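Notes for the one structure printed next.
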Amino acid sequence: MTDARPPAAAETAVQPDEVMFSPAVRTEQACRGSREAYARRAAAGHFARELSAEAKAFIAERDSAYLATASADGQPYVQHRGGPPGFLKILNDHALAFLEYPGNRQFISIGHLAENERAFLFLMDYANARRLKLWGRAEVSSDPELIASLQTSSRRIEHAIVFTVLAWDWNCSQHIPRLVPADPAPDKSS
Ligand SMILES: Cc1cc2nc3c(=O)[nH]c(=O)nc-3n(C[C@H](O)[C@H](O)[C@H](O)COP(=O)(O)O)c2cc1C
């Protein structure tokens with residue numbers, strides 16, 4: 001268990017597009033004709049580690065997220081996380097944190113993180129047909145100050161997950177069902 005820390009030097013030496021596109025992915029891109037375009041976008045600095053102001057604002061508005069983890073032997077797993085807007089707290093330009101609820105006590109996500117820190121967050125805005133992909137690593141923290149800063153209720157929570165972003169990208173808006181909340185968000189225009 002650990003607290004937020006900046007990406008290690010070895011991690012910052014790895015470019016975001018290297019995190020996103022493994023050698024096998026690059027081979028597929030080359031076979032299917034998109035490798036050169038993505039290489040050009042990477043060379044032009046299109047893929048970043050630091051979150052933009054727009055990405056941070058999008059994250060801060062979310063009331064749910066999908067967290068992907070994998071066991072040491074690579075078995076993937078996805079779990080939904082939810083809370084009031086702001087439950088994904090931006091810690092700095094490349095990290096965010098959220099509470100870890102014990103739930104049904106399966107502890108699959110944190111079990112995976114104990115042996116494989118690689119993680120992925122998929123954020124959907126169904127109402128506005130937007131989605132954001134975040135590649136990174138995640139750690140379980142028991143820092144009481146961090147947990148207190150994340151809490152929105154009096155429930156006793158012992159752990160938080162700190163997610164360090166190693167790459168991020170918007171996903172295209174095609175095929176996202178336009179789902180609107182049953183409880184519309186308050187009108188921000190007045
Ligand atoms: C009483 C209760 C309250 C919960 N509250 C939340 C919550 O507010 N936000 C959330 O994302 N998950 C909540 N969960 C679900 C747990 O977060 C989820 O089951 C747990 O993270 C599962 O972890 P795992 O799939 O990695 O084993 C709650 C579960 C229970 C049983």
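Each chain in the structure tokens gets a letter, A, B and so on, in the order shown; residues start at 1 in every chain, and ligands are counted from 1 in the order they appear.
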(Q) Around ligand 1, out to 6 Å and counting only C-alpha atoms and all ligand atoms, which residues are there? I want them as a PyMOL selection string. (A) chain A and resi 79+81-83+100-104+106-110
Write to file, as an mmCIF file, in the first residue's frame, the residues of the selection just made, with C-alpha atoms.
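Written output follows (out_3.cif):
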```
data_model
loop_
_atom_site.group_PDB
_atom_site.id
_atom_site.type_symbol
_atom_site.label_atom_id
_atom_site.label_comp_id
_atom_site.auth_asym_id
_atom_site.auth_seq_id
_atom_site.Cartn_x
_atom_site.Cartn_y
_atom_site.Cartn_z
ATOM 1 C CA GLN A 79 -15.450 -3.199 -12.280
ATOM 2 C CA ARG A 81 -17.011 2.594 -9.748
ATOM 3 C CA GLY A 82 -19.441 5.343 -8.891
ATOM 4 C CA GLY A 83 -20.028 8.366 -6.718
ATOM 5 C CA GLU A 100 -12.100 1.742 -2.616
ATOM 6 C CA TYR A 101 -15.307 0.300 -1.150
ATOM 7 C CA PRO A 102 -15.165 -3.226 0.252
ATOM 8 C CA GLY A 103 -18.426 -4.106 -1.549
ATOM 9 C CA ASN A 104 -19.047 -7.853 -1.776
ATOM 10 C CA GLN A 106 -14.302 -10.272 -3.456
ATOM 11 C CA PHE A 107 -11.364 -7.798 -3.579
ATOM 12 C CA ILE A 108 -10.635 -8.692 -7.168
ATOM 13 C CA SER A 109 -9.363 -5.264 -8.271
ATOM 14 C CA ILE A 110 -7.085 -4.708 -5.306
#
```
Q | Surrounding residues of A:Pro85 excluding itself and chain neighbours under 3 positions, 9 Å, only C-alpha atoms, as JSON, numbers by chain | A | {"A": [59, 60, 61, 62, 63, 64, 82, 88]}
Using only C-alpha atoms, which residues of stretch 14-68 of chain A come within 12 Å of stretch 111-120 of chain A, and what is the closest atom pair for each, with the distance in Å to one decimal? Give it as JSON lines, sorted by chain and residue number.
```
{"residue": "A:Val19", "atom": "CA", "partner": "A:Arg118", "partner_atom": "CA", "distance": 10.3}
{"residue": "A:Met20", "atom": "CA", "partner": "A:Phe120", "partner_atom": "CA", "distance": 10.5}
{"residue": "A:Ala65", "atom": "CA", "partner": "A:Phe120", "partner_atom": "CA", "distance": 10.2}
{"residue": "A:Tyr66", "atom": "CA", "partner": "A:Phe120", "partner_atom": "CA", "distance": 8.2}
{"residue": "A:Leu67", "atom": "CA", "partner": "A:Phe120", "partner_atom": "CA", "distance": 5.9}
{"residue": "A:Ala68", "atom": "CA", "partner": "A:Phe120", "partner_atom": "CA", "distance": 4.9}
```
Would you output that residue set with N, CA, C and O atoms, as a PDB file, in the first residue's frame?
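Wrote it out as out_27.pdb, contents follow:
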```pdb
ATOM      1  N   VAL A  19       2.982   3.151 -24.288  1.00  0.00           N
ATOM      2  CA  VAL A  19       2.070   2.527 -23.328  1.00  0.00           C
ATOM      3  C   VAL A  19       0.804   2.077 -24.058  1.00  0.00           C
ATOM      4  O   VAL A  19       0.287   0.977 -23.839  1.00  0.00           O
ATOM      5  N   MET A  20       0.316   2.944 -24.945  1.00  0.00           N
ATOM      6  CA  MET A  20      -0.949   2.669 -25.637  1.00  0.00           C
ATOM      7  C   MET A  20      -0.821   1.557 -26.678  1.00  0.00           C
ATOM      8  O   MET A  20      -1.724   0.733 -26.827  1.00  0.00           O
ATOM      9  N   ALA A  65     -17.227   5.355 -13.415  1.00  0.00           N
ATOM     10  CA  ALA A  65     -16.030   5.007 -14.181  1.00  0.00           C
ATOM     11  C   ALA A  65     -15.935   3.495 -14.242  1.00  0.00           C
ATOM     12  O   ALA A  65     -16.514   2.791 -13.403  1.00  0.00           O
ATOM     13  N   TYR A  66     -15.223   2.993 -15.227  1.00  0.00           N
ATOM     14  CA  TYR A  66     -14.927   1.567 -15.306  1.00  0.00           C
ATOM     15  C   TYR A  66     -13.430   1.399 -15.078  1.00  0.00           C
ATOM     16  O   TYR A  66     -12.625   1.995 -15.796  1.00  0.00           O
ATOM     17  N   LEU A  67     -13.080   0.596 -14.072  1.00  0.00           N
ATOM     18  CA  LEU A  67     -11.681   0.356 -13.735  1.00  0.00           C
ATOM     19  C   LEU A  67     -11.291  -1.045 -14.207  1.00  0.00           C
ATOM     20  O   LEU A  67     -11.887  -2.039 -13.771  1.00  0.00           O
ATOM     21  N   ALA A  68     -10.298  -1.103 -15.089  1.00  0.00           N
ATOM     22  CA  ALA A  68      -9.796  -2.402 -15.554  1.00  0.00           C
ATOM     23  C   ALA A  68      -8.483  -2.720 -14.865  1.00  0.00           C
ATOM     24  O   ALA A  68      -7.610  -1.852 -14.735  1.00  0.00           O
TER      25      ALA A  68
END
```
Quick one: residues within 8 Å of stretch 152-162 of chain A, only C-alpha atoms counted, chain neighbours fewer than 3 positions away excluded, as a PDB file with N, CA and C atoms, in the first residue's frame?
```
ATOM      1  N   ASP A   3       1.253   5.748  -1.204  1.00  0.00           N
ATOM      2  CA  ASP A   3       0.614   7.026  -1.447  1.00  0.00           C
ATOM      3  C   ASP A   3       0.959   7.513  -2.851  1.00  0.00           C
ATOM      4  N   ALA A   4       0.328   8.668  -3.227  1.00  0.00           N
ATOM      5  CA  ALA A   4       0.570   9.203  -4.566  1.00  0.00           C
ATOM      6  C   ALA A   4       2.041   9.541  -4.731  1.00  0.00           C
ATOM      7  N   PRO A  84     -20.672  10.664  -6.371  1.00  0.00           N
ATOM      8  CA  PRO A  84     -21.095  11.986  -6.847  1.00  0.00           C
ATOM      9  C   PRO A  84     -19.996  12.611  -7.710  1.00  0.00           C
ATOM     10  N   ALA A  95      -2.240  12.363 -12.006  1.00  0.00           N
ATOM     11  CA  ALA A  95      -2.737  11.379 -11.029  1.00  0.00           C
ATOM     12  C   ALA A  95      -4.113  11.767 -10.524  1.00  0.00           C
ATOM     13  N   LEU A  96      -4.898  10.756 -10.199  1.00  0.00           N
ATOM     14  CA  LEU A  96      -6.207  10.965  -9.587  1.00  0.00           C
ATOM     15  C   LEU A  96      -6.435   9.850  -8.569  1.00  0.00           C
ATOM     16  N   ALA A  97      -7.424  10.039  -7.726  1.00  0.00           N
ATOM     17  CA  ALA A  97      -7.685   9.052  -6.667  1.00  0.00           C
ATOM     18  C   ALA A  97      -9.176   8.924  -6.442  1.00  0.00           C
ATOM     19  N   PHE A  98      -9.571   7.750  -5.955  1.00  0.00           N
ATOM     20  CA  PHE A  98     -10.974   7.516  -5.603  1.00  0.00           C
ATOM     21  C   PHE A  98     -11.030   6.473  -4.506  1.00  0.00           C
ATOM     22  N   LEU A  99     -12.155   6.444  -3.796  1.00  0.00           N
ATOM     23  CA  LEU A  99     -12.295   5.520  -2.671  1.00  0.00           C
ATOM     24  C   LEU A  99     -12.441   4.084  -3.149  1.00  0.00           C
ATOM     25  N   GLU A 100     -11.933   3.172  -2.366  1.00  0.00           N
ATOM     26  CA  GLU A 100     -12.100   1.742  -2.616  1.00  0.00           C
ATOM     27  C   GLU A 100     -13.095   1.212  -1.583  1.00  0.00           C
ATOM     28  N   TYR A 101     -14.290   0.834  -2.060  1.00  0.00           N
ATOM     29  CA  TYR A 101     -15.307   0.300  -1.150  1.00  0.00           C
ATOM     30  C   TYR A 101     -15.154  -1.218  -1.054  1.00  0.00           C
ATOM     31  N   ALA A 138      -2.026   1.662 -10.900  1.00  0.00           N
ATOM     32  CA  ALA A 138      -2.838   2.025  -9.740  1.00  0.00           C
ATOM     33  C   ALA A 138      -2.284   1.351  -8.495  1.00  0.00           C
ATOM     34  N   GLU A 139      -2.405   2.069  -7.395  1.00  0.00           N
ATOM     35  CA  GLU A 139      -1.908   1.570  -6.117  1.00  0.00           C
ATOM     36  C   GLU A 139      -2.980   1.768  -5.065  1.00  0.00           C
ATOM     37  N   VAL A 140      -3.013   0.881  -4.086  1.00  0.00           N
ATOM     38  CA  VAL A 140      -3.953   1.018  -2.975  1.00  0.00           C
ATOM     39  C   VAL A 140      -3.269   1.834  -1.885  1.00  0.00           C
ATOM     40  N   SER A 141      -3.982   2.859  -1.411  1.00  0.00           N
ATOM     41  CA  SER A 141      -3.442   3.730  -0.368  1.00  0.00           C
ATOM     42  C   SER A 141      -4.312   3.628   0.886  1.00  0.00           C
ATOM     43  N   SER A 142      -3.667   3.671   2.044  1.00  0.00           N
ATOM     44  CA  SER A 142      -4.411   3.739   3.310  1.00  0.00           C
ATOM     45  C   SER A 142      -4.138   5.064   4.010  1.00  0.00           C
ATOM     46  N   ASP A 143      -3.704   6.057   3.250  1.00  0.00           N
ATOM     47  CA  ASP A 143      -3.400   7.381   3.797  1.00  0.00           C
ATOM     48  C   ASP A 143      -4.689   8.029   4.322  1.00  0.00           C
ATOM     49  N   PRO A 144      -4.802   8.231   5.646  1.00  0.00           N
ATOM     50  CA  PRO A 144      -6.061   8.767   6.185  1.00  0.00           C
ATOM     51  C   PRO A 144      -6.404  10.162   5.665  1.00  0.00           C
ATOM     52  N   LEU A 146      -5.687  11.370   2.651  1.00  0.00           N
ATOM     53  CA  LEU A 146      -6.217  11.202   1.294  1.00  0.00           C
ATOM     54  C   LEU A 146      -7.646  10.683   1.366  1.00  0.00           C
ATOM     55  N   ILE A 147      -7.880   9.663   2.194  1.00  0.00           N
ATOM     56  CA  ILE A 147      -9.220   9.068   2.300  1.00  0.00           C
ATOM     57  C   ILE A 147     -10.223  10.121   2.787  1.00  0.00           C
TER      58      ILE A 147
END
```
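Each of A:Ala42, A:Leu150, A:Leu51, A:Ala129 was compared to A:Glu18 using only C-alpha atoms, and A:Ala42 turns out to be the nearest.
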(Q) I'd like the neighbourhood of A:Ser52 as a ChimeraX atom specification, where a residue qualifies if any of its atoms comes within 12 Å (using only C-alpha atoms), though same-chain residues fewer than 3 positions away should be ignored. (A) /A:46-49,55-59,90,92-95,132,165,167-170
Q) Which residues in stretch 51-148 of chain A does DSSP call alpha helix (DSSP H)? List them as number ranges by chain. A) A: 53-61, 108-115, 144-148
Please produce a file of those selected residues containing N, CA, C and O atoms, as a tab-separated table (two decimals), in the first residue's frame.
```tsv
chain	number	residue	atom	x	y	z
A	53	ALA	N	-6.42	20.54	-19.38
A	53	ALA	CA	-7.49	21.16	-18.59
A	53	ALA	C	-8.84	20.57	-18.97
A	53	ALA	O	-9.70	20.32	-18.11
A	54	GLU	N	-9.03	20.30	-20.25
A	54	GLU	CA	-10.30	19.73	-20.73
A	54	GLU	C	-10.49	18.32	-20.17
A	54	GLU	O	-11.59	17.96	-19.72
A	55	ALA	N	-9.43	17.53	-20.18
A	55	ALA	CA	-9.53	16.16	-19.64
A	55	ALA	C	-9.81	16.21	-18.14
A	55	ALA	O	-10.63	15.43	-17.62
A	56	LYS	N	-9.14	17.12	-17.44
A	56	LYS	CA	-9.37	17.21	-15.99
A	56	LYS	C	-10.81	17.62	-15.69
A	56	LYS	O	-11.44	17.09	-14.76
A	57	ALA	N	-11.33	18.55	-16.48
A	57	ALA	CA	-12.72	18.99	-16.27
A	57	ALA	C	-13.68	17.83	-16.53
A	57	ALA	O	-14.66	17.63	-15.78
A	58	PHE	N	-13.39	17.05	-17.57
A	58	PHE	CA	-14.24	15.90	-17.90
A	58	PHE	C	-14.23	14.88	-16.76
A	58	PHE	O	-15.27	14.37	-16.34
A	59	ILE	N	-13.04	14.61	-16.24
A	59	ILE	CA	-12.91	13.65	-15.13
A	59	ILE	C	-13.68	14.15	-13.91
A	59	ILE	O	-14.39	13.38	-13.24
A	60	ALA	N	-13.56	15.43	-13.62
A	60	ALA	CA	-14.19	16.00	-12.42
A	60	ALA	C	-15.72	15.94	-12.49
A	60	ALA	O	-16.40	15.95	-11.46
A	61	GLU	N	-16.26	15.88	-13.72
A	61	GLU	CA	-17.73	15.85	-13.89
A	61	GLU	C	-18.31	14.45	-13.80
A	61	GLU	O	-19.52	14.29	-13.70
A	108	ILE	N	-11.31	-8.27	-5.93
A	108	ILE	CA	-10.63	-8.69	-7.17
A	108	ILE	C	-9.70	-7.58	-7.67
A	108	ILE	O	-8.53	-7.85	-7.97
A	109	SER	N	-10.21	-6.35	-7.73
A	109	SER	CA	-9.36	-5.26	-8.27
A	109	SER	C	-8.11	-5.07	-7.43
A	109	SER	O	-7.00	-5.00	-7.97
A	110	ILE	N	-8.28	-4.98	-6.11
A	110	ILE	CA	-7.08	-4.71	-5.31
A	110	ILE	C	-6.18	-5.94	-5.21
A	110	ILE	O	-4.97	-5.80	-5.06
A	111	GLY	N	-6.76	-7.12	-5.36
A	111	GLY	CA	-5.92	-8.32	-5.45
A	111	GLY	C	-5.05	-8.28	-6.69
A	111	GLY	O	-3.85	-8.58	-6.65
A	112	HIS	N	-5.67	-7.90	-7.80
A	112	HIS	CA	-4.88	-7.76	-9.04
A	112	HIS	C	-3.79	-6.72	-8.87
A	112	HIS	O	-2.65	-6.93	-9.27
A	113	LEU	N	-4.17	-5.57	-8.26
A	113	LEU	CA	-3.18	-4.49	-8.14
A	113	LEU	C	-2.02	-4.89	-7.23
A	113	LEU	O	-0.91	-4.35	-7.38
A	114	ALA	N	-2.25	-5.82	-6.32
A	114	ALA	CA	-1.16	-6.27	-5.45
A	114	ALA	C	-0.09	-7.02	-6.24
A	114	ALA	O	1.07	-7.08	-5.83
A	115	GLU	N	-0.48	-7.59	-7.38
A	115	GLU	CA	0.50	-8.36	-8.15
A	115	GLU	C	0.76	-7.77	-9.53
A	115	GLU	O	1.70	-8.19	-10.22
A	144	PRO	N	-4.80	8.23	5.65
A	144	PRO	CA	-6.06	8.77	6.19
A	144	PRO	C	-6.40	10.16	5.67
A	144	PRO	O	-7.58	10.47	5.48
A	145	GLU	N	-5.39	10.98	5.40
A	145	GLU	CA	-5.67	12.33	4.87
A	145	GLU	C	-6.26	12.25	3.47
A	145	GLU	O	-7.21	12.96	3.13
A	146	LEU	N	-5.69	11.37	2.65
A	146	LEU	CA	-6.22	11.20	1.29
A	146	LEU	C	-7.65	10.68	1.37
A	146	LEU	O	-8.54	11.21	0.69
A	147	ILE	N	-7.88	9.66	2.19
A	147	ILE	CA	-9.22	9.07	2.30
A	147	ILE	C	-10.22	10.12	2.79
A	147	ILE	O	-11.32	10.25	2.23
A	148	ALA	N	-9.82	10.90	3.78
A	148	ALA	CA	-10.72	11.95	4.28
A	148	ALA	C	-11.05	12.95	3.19
A	148	ALA	O	-12.19	13.44	3.09
```
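One finds atom CA of A:Gln151 at 20.3 Å from atom CA of A:Leu123.
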Q: Could you please determine the separation between atom CA of A:Thr69 and atom CA of A:Ser22 in Å, to one decimal place?
A: 16.9 Å
Q: Considering only C-alpha atoms, state which residue in the set A:Pro23, A:Glu50, A:Pro76, A:Ala182 is at the smallest distance from A:Thr164.
A: A:Glu50
Taking 4 positions as the minimum chain separation for residues in the same chain, which residues sit within 7 Å of A:Arg178 when counting only C-alpha atoms? Answer as a PDB file with N, CA and C atoms, in the first residue's frame.
```pdb
ATOM      1  N   TYR A 126     -22.402   9.406 -21.218  1.00  0.00           N
ATOM      2  CA  TYR A 126     -23.422   8.909 -22.139  1.00  0.00           C
ATOM      3  C   TYR A 126     -24.329  10.031 -22.630  1.00  0.00           C
ATOM      4  N   ALA A 127     -24.572  11.024 -21.783  1.00  0.00           N
ATOM      5  CA  ALA A 127     -25.502  12.093 -22.163  1.00  0.00           C
ATOM      6  C   ALA A 127     -24.949  12.932 -23.314  1.00  0.00           C
ATOM      7  N   ASN A 128     -23.638  13.149 -23.299  1.00  0.00           N
ATOM      8  CA  ASN A 128     -23.028  14.008 -24.321  1.00  0.00           C
ATOM      9  C   ASN A 128     -22.174  13.232 -25.319  1.00  0.00           C
ATOM     10  N   ALA A 129     -22.272  11.886 -25.250  1.00  0.00           N
ATOM     11  CA  ALA A 129     -21.547  11.018 -26.187  1.00  0.00           C
ATOM     12  C   ALA A 129     -20.053  11.346 -26.228  1.00  0.00           C
TER      13      ALA A 129
END
```
Q: Could you pull out the residues in stretch 100-177 of chain A that DSSP calls strand (DSSP E) from the backbone, as a PyMOL selection string?
A: chain A and resi 100+118-125+130-141+159-171
